[in-house]
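One structure is given here, and the rest of the page talks about it.
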Amino acid sequence: MANVLVVDDEAGMRRILDVNLRRDGHMVTQAQGAAEAINCLRRSDFDVVLTDQKMPDGTGLDVLHASMEDDPTTSVIFLTAVGTVELAVESMREGAFDFLSKPFVPDVVRATVRRAAERTALMRENAVLKTTVRKLEGADDILGHSAGVRAVRDLIGRVAPTNTTVLITGETGTGKELVARAIHRNSLRASRPFIAINCAAVTETLLESELFGHERGAFTGADKSRAGLFEAAHEGTLFLDEVAEMSQAAQAKLLRVLADGEIQRVGSTATRRVNVRVLAATHRDLKERVLNGLFREDLYYRLAVVPIHLAPLRERPEDIGELCQALCQRIAEEMKVPAKQLSPEALDKLSHYSFPGNVRELRNLLERALILGKGTDLNPGDFILQPATALPQSDSVRGQVEALAAQLPADLDLRDTLMRLEKSLIARSLDLAKGVQAEAARRLGLSRSDLGYKVGKYNLAGLVAEKSAPSIVERGPDRLPAVP
């Protein structure tokens, strides 16, 4: 099924083409001249353009040039009653897909449009694959010989040939996208697109548009209809990194895709069918977010058909030697620097480090050491590691929390106490941030959507709208001591 633009100044000809093309399931848009066709190309994306050559307000070449400028992958077919060899040669030289003469045989036109749509799909897929290849840094085989890594490799081998959804969990830097790419490469969809998006890196208002596409005029700045990532990943794989950060509205739409295979562009009432395998990842505890009302329970079970958990690097120190050897070789090739071996003392130092940033941090340490190290080998002095107490004021906060706990009675209502403490901390952070939720979320280590949910839960919207309002920690005799 393709999105086809039919351009002809004769209404009867447009109707005949419309009827025949819709028999093959194509979506057809009609334009009665070159000017209207150019406007259509600016507003929407088309797979195939079927255009007459001579029209009162322009020519088919004008339409071709506009189409090439807007999207070079769109296939343009000329259909004209004045067919000459010179015109055919010129149109093909300019980039037309084919040239047909009137009167035409409907079956020939339908077959030509099918071939043109296939050509467009292949060109767009090729562009996506080229982009994917450029992003494949570090996407080699998953390294390590620990029991946890062997179990992950076994799960990948068993789940990859299926179409089931997979939820990949683990701390930041453990290689969740690496696992997703491995699943795709070993699946039946390996020749189709693999598209990844970090849901936390896109604002809530734009995430739905990125995933599902939008229609012209759906929101400010949407001056043209655009397909989303689900349509771009058709018959391939879509990897949703940090899926826990999706808004409730986006979660509902994602659930519909997983349940029915249908998407709905922002600003449209029409549905479109897609065939996409979804892989998701998060460093958060989704079960806890379900209990807190931040993530849909039905969506969680749709995503976590097969869960894969990646252990942090500190829990598998036996893998560090193999990772260092492989990463050093790879970094040396990429950075055009001499490859070096780790000395036993350097390897021992790394093996006793906690690696809060996991494999990503290990790679950064090795890259820095290879560039700045002066010896023939990498020695302990080439690695500057973060101290175990890297978090600022962690000891101070821990001490105050322990002191607070010592003051509380043994028979308190823990759930109520924790809720009151959380409410107090959020209110104080909003006060310090002068009502700016993004700043308050940063201070608390929360995502913007998490803080917005909690502001509504605890009825703290007044602290956002009226920045001069007194803090909740200043109200009433039942307040808890605030923790800075």
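Naming scheme: A, B, ... for chains in displayed order of the structure tokens; residues 1 onward per chain; ligands 1 onward as shown.
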
Counting only C-alpha atoms, what is within 8 Å of segment 242-255 of chain A, bar same-chain residues fewer than 5 positions away, as a PDB file with C-alpha atoms, in the first residue's frame?
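Result written to out26.pdb:
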```pdb
ATOM      1  CA  ASN A 198      15.611   7.586  23.700  1.00  0.00           C
ATOM      2  CA  CYS A 199      12.228   8.502  25.164  1.00  0.00           C
ATOM      3  CA  ALA A 200      13.875  10.554  27.925  1.00  0.00           C
ATOM      4  CA  GLU A 204       6.563  14.910  26.252  1.00  0.00           C
ATOM      5  CA  LEU A 207       7.468  12.239  21.732  1.00  0.00           C
ATOM      6  CA  GLU A 208       4.056  11.274  20.348  1.00  0.00           C
ATOM      7  CA  ILE A 263      -1.157   3.769  14.864  1.00  0.00           C
ATOM      8  CA  GLN A 264      -2.887   7.116  14.707  1.00  0.00           C
ATOM      9  CA  ALA A 280      12.053  -1.631  25.177  1.00  0.00           C
ATOM     10  CA  ALA A 281      14.629  -0.780  27.809  1.00  0.00           C
ATOM     11  CA  THR A 282      14.781   1.111  31.085  1.00  0.00           C
ATOM     12  CA  HIS A 283      17.073   1.554  34.067  1.00  0.00           C
ATOM     13  CA  ARG A 284      14.076   2.108  36.354  1.00  0.00           C
ATOM     14  CA  LEU A 286       8.829  -0.590  36.114  1.00  0.00           C
ATOM     15  CA  LEU A 294       3.330   6.240  36.737  1.00  0.00           C
ATOM     16  CA  PHE A 295       3.218   3.368  34.244  1.00  0.00           C
ATOM     17  CA  ARG A 296       0.279   1.421  32.864  1.00  0.00           C
ATOM     18  CA  ASP A 298      -1.394  -3.508  30.993  1.00  0.00           C
ATOM     19  CA  LEU A 299       1.440  -1.936  28.985  1.00  0.00           C
ATOM     20  CA  ARG A 302       2.717  -6.270  26.994  1.00  0.00           C
ATOM     21  CA  SER A 447      12.213  13.061  35.553  1.00  0.00           C
ATOM     22  CA  SER A 449       6.980  13.642  34.183  1.00  0.00           C
TER      23      SER A 449
END
```

Residues within 7 Å of Val63 of chain A, only C-alpha atoms, excluding chain neighbours under 5 positions, as a VMD selection string: chain A and resid 34 37 to 38

Between atom CA of Leu206 of chain A and atom CA of Asn459 of chain A - distance in Å to one decimal: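 About the pair atom CA of Asn459 of chain A and atom CA of Leu206 of chain A: they are 26.4 Å apart.
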
Residue nearest Asp450 of chain A among A:Arg265, A:Arg314, A:Lys434, A:Arg289 (counting only C-alpha atoms):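 Checking each of A:Arg265, A:Arg314, A:Lys434, A:Arg289 against Asp450 of chain A, counting only C-alpha atoms, the winner is A:Arg289.
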
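The shortest atom-to-atom distance to Val152 of chain A, with only C-alpha atoms taken into account, belongs to A:His309 out of A:Gly173, A:His309, A:Met68, A:Thr29.
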
Contact residues around Ala346 of chain A with only C-alpha atoms at 7 Å, ignoring same-chain residues under 4 positions, as a list in words: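 Neighbouring residues, sequence-local ones excluded: Leu342, Leu350, Leu378, Asn379 and Pro380 of chain A.
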
Write the residues you've just listed into a file as a JSON list (two decimals), in the first residue's frame, and include C-alpha atoms for each of them.
```
[["chain", "number", "residue", "atom", "x", "y", "z"],
["A", 342, "LEU", "CA", 46.94, -3.43, 30.51],
["A", 350, "LEU", "CA", 40.07, -1.79, 37.59],
["A", 378, "LEU", "CA", 48.60, 0.94, 30.52],
["A", 379, "ASN", "CA", 49.56, 1.25, 34.17],
["A", 380, "PRO", "CA", 47.55, 2.05, 37.33]]
```

Length of the atom CA of Thr220 of chain A to atom CA of Gln32 of chain A vector [Å]: 28.6 Å

DSSP-assigned strand (DSSP E) among segment 287-417 of chain A, expressed as a count of residues only: 5

8 Å contact set for segment 355-358 of chain A, only C-alpha atoms, chain neighbours under 4 positions out, as an MDAnalysis selection string: chainID A and resid 171:174 312:314 362
